[in-house]
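A.B. asks: Just passing along the structure, written as structure tokens.
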Amino acid sequence: MSKIKLGMVGGGKGSFIGEVHRMAARLDDRYELLAGALSSDVNTAKESALSLNLDKKRSYSSFDTMAEVEAALEDGIEAVAIVTPNHLHAQVAEAFLNNGIHVICDKPLTSSLADAEGLASIVKDTGLVFAVTYNYSGYPMVRQAREMIQNGDLGELRVIQIEYAQGWLATDIEKTGHKQALWRTNPAKAGIGGAIGDIGTHAFHLSEFVTGLQVKDLLADLDSMVSGRELDDNANILMKYTNGMKGMLWVSQIATGKENGLKIRVFGTKAGIEWSQENPNFLEFSPLGESLRTLSRGGPSIGSLAGDATRIPSGHPEGFIEGFANIYSDTADLILAHRSNSKTNSLVPTINDGIRGMQFIETAVKSSTSGGVWLSLGS
Ligand SMILES: NC(=O)c1ccc[n+]([C@@H]2O[C@H](COP(=O)([O-])OP(=O)(O)OC[C@H]3O[C@@H](n4cnc5c(N)ncnc54)[C@H](O)[C@@H]3O)[C@@H](O)[C@H]2O)c1
């Protein structure tokens with residue numbers, strides 16, 4: 001099978017997640033990066049393309065031109081990675097989908113639910129692959145948790161506690177011109193969600209991915225703790241899931257000193273589990289009436305979902321890049337299945353997961369601005 005020809009929009013010098021996407025795409029040798037509109041700044045776009053050894057002719061100053069020109073090339077790209085700020089995701093994705101090019105888009109899906117729904121109808125009409133990089137679902141021990149829950153190892157699920165705590169926005173660093181903080185705190189670019197859009201959507205997706213349940217109703221209390229900030233930087237959210245499971249989600253970017261404290265705990269009638277992204281190779285398992293066990297990635301009695309997502313033996317740590325690469329590799333399977341007009345089962349987060357993320361943001365904001373009331377997701 002030939003490698004998948006990949007393009008990228010965003011991800012130029014000085015940006016964050018584009019480089020991670022490139023590493024993730026390289027890890028399993030299933031993609032080759034051939035084209036890019038890598039920056040909003042023409043010179044940075046050119047310099048970035050040069051440093052990545054892209055053909056000069058395939059470094060574009062506009063994503064619209066890139067979509068049209070690449071679609072017409074014999075060896076044009078088959079898929080594009082979108083790693084721009086949120087407000088551009090919908091228009092960039094639309095340009096590539098309308099030119100027959102698969103999309104790998106970072107989260108949140110768009111900057112509004114209306115844009116997300118418009119995009120979903122294009123995805124449906126074109127039948128193209130659309131992956132959303134909710135990358136935490138790529139970690140082997142997250143997949144192990146999902147498999148154990150599916151197998152009934154936890155019994156009936158009762159309680160879920162999730163937190164995603166960061167501290168990098170504990171002061172108004174956006175006022176210093178910090179590139180990533182500037183757009184994340186600007187509703188015109190981030191959308192109506194601050195921390196809940198940026199990292200809350202990851203936690204929300206993780207909760208549904210691991211449990212196989214969906215959030216039905218939520219009650220949110222959002223705050224902007226840093227004076228003058230327009231969007232939320234701290235949120236406490238109560239959630240009710242489809243089977244009656246109760247959940248609490250704490251999302252914060254003002255948790256002073258915290259780095260990437262994403263943690264999930266699920267408790268059922270037979271056992272509990274706990275996983276933390278800063279120590280991702282292990283999963284705590286606490287069966288009723290037995291001692292707490294720590295399950296290790298690659299260790300004995302690990303299921304096939306985690307096994308298939310593992311590259312190296314236990315004791316050699318795998319982490320963020322490998323988890324991200326699992327999303328890329330699984331998306332490659334979908335693209336190859338599309339090439340051969342066949343179907344394959346997949347764990348890749350889809351446009352529907354992206355839509356749920358947008359419903360989560362909009363419902364949480366509505367609940368909070370209404371004084372903290374229970375609302376159905378998407379109401
Ligand atoms: N999955 C994750 O873990 C994760 C982590 C960080 C960011 N993200 C998401 O990735 C996206 C990018 O975040 P970031 O932190 O890398 O942002 P960033 O500000 O570091 O980079 C954004 C890039 O987009 C480029 N850009 C802006 N307008 C453009 C245009 N019109 N054409 C081409 N390029 C353009 C910028 O020049 C820059 O290179 C956001 O949607 C964010 O939510 C996801």
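Labeling convention for the structure tokens: chains A, B, ... as they appear, residues from 1 per chain, ligands from 1 in order of appearance.
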Pull the closest atom pair for each residue of chain A that gets at most 6 Å from ligand 1, along with the distance in Å to one decimal, counting only C-alpha atoms and all ligand atoms, ordering rows by chain and then ascending residue number, as a Markdown table.

C.D. replies:
| residue | atom | partner | partner_atom_place_in_ligand_line | distance |
| --- | --- | --- | --- | --- |
| A:Val9 | CA | ligand 1 | 33 (C) | 5.0 |
| A:Gly10 | CA | ligand 1 | 34 (N) | 3.5 |
| A:Gly11 | CA | ligand 1 | 39 (O) | 4.2 |
| A:Gly12 | CA | ligand 1 | 39 (O) | 3.9 |
| A:Ser15 | CA | ligand 1 | 20 (O) | 3.2 |
| A:Phe16 | CA | ligand 1 | 16 (O) | 3.7 |
| A:Ile17 | CA | ligand 1 | 16 (O) | 3.8 |
| A:Gly18 | CA | ligand 1 | 16 (O) | 5.7 |
| A:Ala37 | CA | ligand 1 | 33 (C) | 5.0 |
| A:Leu38 | CA | ligand 1 | 34 (N) | 4.8 |
| A:Ser39 | CA | ligand 1 | 37 (O) | 3.4 |
| A:Ser40 | CA | ligand 1 | 29 (C) | 3.9 |
| A:Phe63 | CA | ligand 1 | 32 (N) | 5.9 |
| A:Val83 | CA | ligand 1 | 11 (C) | 4.4 |
| A:Thr84 | CA | ligand 1 | 24 (O) | 3.5 |
| A:Pro85 | CA | ligand 1 | 40 (C) | 4.3 |
| A:Asn86 | CA | ligand 1 | 41 (O) | 4.2 |
| A:Asp106 | CA | ligand 1 | 10 (O) | 5.0 |
| A:Lys107 | CA | ligand 1 | 43 (O) | 5.1 |
| A:Pro108 | CA | ligand 1 | 43 (O) | 5.7 |
| A:Thr133 | CA | ligand 1 | 1 (N) | 5.4 |
| A:Tyr134 | CA | ligand 1 | 1 (N) | 5.7 |
| A:Asn135 | CA | ligand 1 | 1 (N) | 5.6 |
| A:Lys179 | CA | ligand 1 | 19 (O) | 5.6 |
| A:Gln180 | CA | ligand 1 | 19 (O) | 4.6 |
| A:Asp198 | CA | ligand 1 | 43 (O) | 5.4 |

A.B. asks: For Asp75 (chain A), list every protein, DNA or RNA residue within 10 Å, evaluated using only C-alpha atoms, and leave out those in the same chain fewer than 5 positions away; present the list as a list in words.

C.D. replies: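 Surrounding residues, per the criterion: Lys5, Leu34 and Glu70 of chain A.
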
A.B. asks: Quick one: write out the picked residues with all heavy atoms as a short mmCIF file (atom, residue, chain, number, x, y, z; two decimals), in the first residue's frame?

C.D. replies:
data_model
loop_
_atom_site.label_atom_id
_atom_site.label_comp_id
_atom_site.auth_asym_id
_atom_site.auth_seq_id
_atom_site.Cartn_x
_atom_site.Cartn_y
_atom_site.Cartn_z
N LYS A 5 -0.74 10.51 1.07
CA LYS A 5 -0.17 11.84 0.80
C LYS A 5 -0.92 12.86 1.65
O LYS A 5 -2.13 13.00 1.51
CB LYS A 5 -0.28 12.17 -0.69
CG LYS A 5 0.47 11.20 -1.58
CD LYS A 5 0.24 11.52 -3.04
CE LYS A 5 0.90 10.49 -3.92
NZ LYS A 5 0.21 9.17 -3.86
N LEU A 34 3.41 16.35 2.02
CA LEU A 34 3.83 16.84 0.71
C LEU A 34 3.45 18.29 0.44
O LEU A 34 3.96 18.88 -0.51
CB LEU A 34 3.20 15.96 -0.40
CG LEU A 34 3.72 14.53 -0.48
CD1 LEU A 34 2.93 13.73 -1.49
CD2 LEU A 34 5.20 14.52 -0.86
N GLU A 70 -4.12 21.11 -5.20
CA GLU A 70 -3.76 19.73 -4.83
C GLU A 70 -4.76 18.73 -5.41
O GLU A 70 -4.38 17.64 -5.83
CB GLU A 70 -3.69 19.60 -3.30
CG GLU A 70 -2.47 20.25 -2.68
CD GLU A 70 -1.15 19.58 -3.08
OE1 GLU A 70 -1.12 18.35 -3.20
OE2 GLU A 70 -0.16 20.32 -3.27
#

A.B. asks: When you look at Asn345 (chain A) with a cut-off of 12 Å (counting only C-alpha atoms), what residues show up, excluding the ones that are within fewer than 5 positions of it in the same chain? I need them as JSON, numbers by chain.

C.D. replies: {"A": [330, 331, 333, 334, 337]}

A.B. asks: Keeping only all heavy atoms, take the residues you just selected and write them out as a tab-separated table (two decimals), in the first residue's frame.

C.D. replies:
chain	number	residue	atom	x	y	z
A	330	ASP	N	-4.92	4.69	13.01
A	330	ASP	CA	-6.30	4.22	12.84
A	330	ASP	C	-7.00	4.97	11.71
A	330	ASP	O	-7.82	4.41	10.98
A	330	ASP	CB	-7.10	4.40	14.14
A	330	ASP	CG	-6.61	3.48	15.25
A	330	ASP	OD1	-5.84	2.55	14.95
A	330	ASP	OD2	-6.98	3.71	16.42
A	331	THR	N	-6.67	6.26	11.57
A	331	THR	CA	-7.26	7.04	10.47
A	331	THR	C	-6.72	6.54	9.13
A	331	THR	O	-7.45	6.48	8.14
A	331	THR	CB	-6.96	8.55	10.65
A	331	THR	OG1	-7.43	8.95	11.94
A	331	THR	CG2	-7.64	9.39	9.58
A	333	ASP	N	-6.05	3.49	8.47
A	333	ASP	CA	-6.87	2.31	8.14
A	333	ASP	C	-8.17	2.72	7.46
A	333	ASP	O	-8.62	2.08	6.51
A	333	ASP	CB	-7.22	1.52	9.42
A	333	ASP	CG	-6.00	0.83	10.02
A	333	ASP	OD1	-5.01	0.62	9.29
A	333	ASP	OD2	-6.05	0.51	11.23
A	334	LEU	N	-8.77	3.79	7.96
A	334	LEU	CA	-10.05	4.25	7.38
A	334	LEU	C	-9.83	4.76	5.95
A	334	LEU	O	-10.65	4.52	5.06
A	334	LEU	CB	-10.64	5.39	8.23
A	334	LEU	CG	-11.23	5.00	9.58
A	334	LEU	CD1	-11.69	6.25	10.34
A	334	LEU	CD2	-12.40	4.05	9.39
A	337	ALA	N	-9.33	1.84	3.70
A	337	ALA	CA	-10.61	1.18	3.47
A	337	ALA	C	-11.42	1.98	2.44
A	337	ALA	O	-12.06	1.40	1.56
A	337	ALA	CB	-11.39	1.05	4.79

A.B. asks: Give the alpha helix (DSSP H) residues of region 8-134 of chain A, as DSSP finds them on the backbone, and put them as JSON, numbers by chain.

C.D. replies: {"A": [17, 18, 19, 20, 21, 22, 23, 24, 25, 26, 27, 42, 43, 44, 45, 46, 47, 48, 49, 50, 51, 63, 64, 65, 66, 67, 68, 69, 70, 71, 72, 89, 90, 91, 92, 93, 94, 95, 96, 97, 113, 114, 115, 116, 117, 118, 119, 120, 121, 122, 123, 124, 125, 126]}

A.B. asks: Select from region 294-334 of chain A every residue with an atom at most 9 Å from any atom of region 145-149 of chain A, then for each give the shortest pair of atoms and their distance in Å to one decimal, using only C-alpha atoms, rows by chain and rising number, as a Markdown table.

C.D. replies:
| residue | atom | partner | partner_atom | distance |
| --- | --- | --- | --- | --- |
| A:Gly303 | CA | A:Glu147 | CA | 7.1 |
| A:Ser304 | CA | A:Glu147 | CA | 8.3 |
| A:Leu305 | CA | A:Glu147 | CA | 6.8 |
| A:Ala306 | CA | A:Glu147 | CA | 8.4 |

A.B. asks: Would you save the residues from that selection as a compact mmCIF listing (two decimals), in the first residue's frame, using C-alpha atoms?

C.D. replies:
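File out.txt, as written:
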# COMPACT_ATOMS: atom_id res chain seq x y z
CA GLY A 303 -6.68 -6.83 26.30
CA SER A 304 -6.44 -6.54 22.55
CA LEU A 305 -7.49 -2.88 22.28
CA ALA A 306 -4.51 -1.80 24.39

A.B. asks: List every residue of region 42-118 of chain A that DSSP, applied to the backbone of this structure, assigns to strand (DSSP E), and report them as a VMD selection string.

C.D. replies: chain A and resid 79 to 83 102 to 105

A.B. asks: Emit the selected residues as a PDB file, in the first residue's frame, including N, CA and C atoms.

C.D. replies:
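Below you can see part.pdb, which holds the result:
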ATOM      1  N   ALA A  79      -5.247  13.563   2.055  1.00  0.00           N
ATOM      2  CA  ALA A  79      -5.775  13.961   3.367  1.00  0.00           C
ATOM      3  C   ALA A  79      -5.079  15.239   3.814  1.00  0.00           C
ATOM      4  N   VAL A  80      -5.812  16.024   4.619  1.00  0.00           N
ATOM      5  CA  VAL A  80      -5.210  17.244   5.153  1.00  0.00           C
ATOM      6  C   VAL A  80      -5.381  17.265   6.669  1.00  0.00           C
ATOM      7  N   ALA A  81      -4.353  17.738   7.353  1.00  0.00           N
ATOM      8  CA  ALA A  81      -4.445  17.934   8.809  1.00  0.00           C
ATOM      9  C   ALA A  81      -4.700  19.413   9.059  1.00  0.00           C
ATOM     10  N   ILE A  82      -5.720  19.695   9.870  1.00  0.00           N
ATOM     11  CA  ILE A  82      -6.073  21.098  10.158  1.00  0.00           C
ATOM     12  C   ILE A  82      -5.662  21.430  11.590  1.00  0.00           C
ATOM     13  N   VAL A  83      -4.704  22.337  11.704  1.00  0.00           N
ATOM     14  CA  VAL A  83      -4.135  22.663  13.024  1.00  0.00           C
ATOM     15  C   VAL A  83      -4.061  24.178  13.220  1.00  0.00           C
ATOM     16  N   HIS A 102      -9.749  13.909   2.261  1.00  0.00           N
ATOM     17  CA  HIS A 102     -10.099  13.516   3.639  1.00  0.00           C
ATOM     18  C   HIS A 102      -9.540  14.538   4.632  1.00  0.00           C
ATOM     19  N   VAL A 103     -10.165  14.584   5.818  1.00  0.00           N
ATOM     20  CA  VAL A 103      -9.764  15.603   6.803  1.00  0.00           C
ATOM     21  C   VAL A 103      -9.428  14.976   8.157  1.00  0.00           C
ATOM     22  N   ILE A 104      -8.311  15.433   8.717  1.00  0.00           N
ATOM     23  CA  ILE A 104      -7.951  15.129  10.112  1.00  0.00           C
ATOM     24  C   ILE A 104      -7.909  16.498  10.799  1.00  0.00           C
ATOM     25  N   CYS A 105      -8.885  16.739  11.691  1.00  0.00           N
ATOM     26  CA  CYS A 105      -9.056  18.090  12.224  1.00  0.00           C
ATOM     27  C   CYS A 105      -8.842  18.081  13.736  1.00  0.00           C
TER      28      CYS A 105
END

A.B. asks: I need the residue nearest Ser291 (chain A) from this list: A:Met358, A:Lys240, A:Glu278, A:Gly272. Use only C-alpha atoms for the distance.

C.D. replies: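 For Ser291 (chain A), the nearest of the candidates is A:Gly272.
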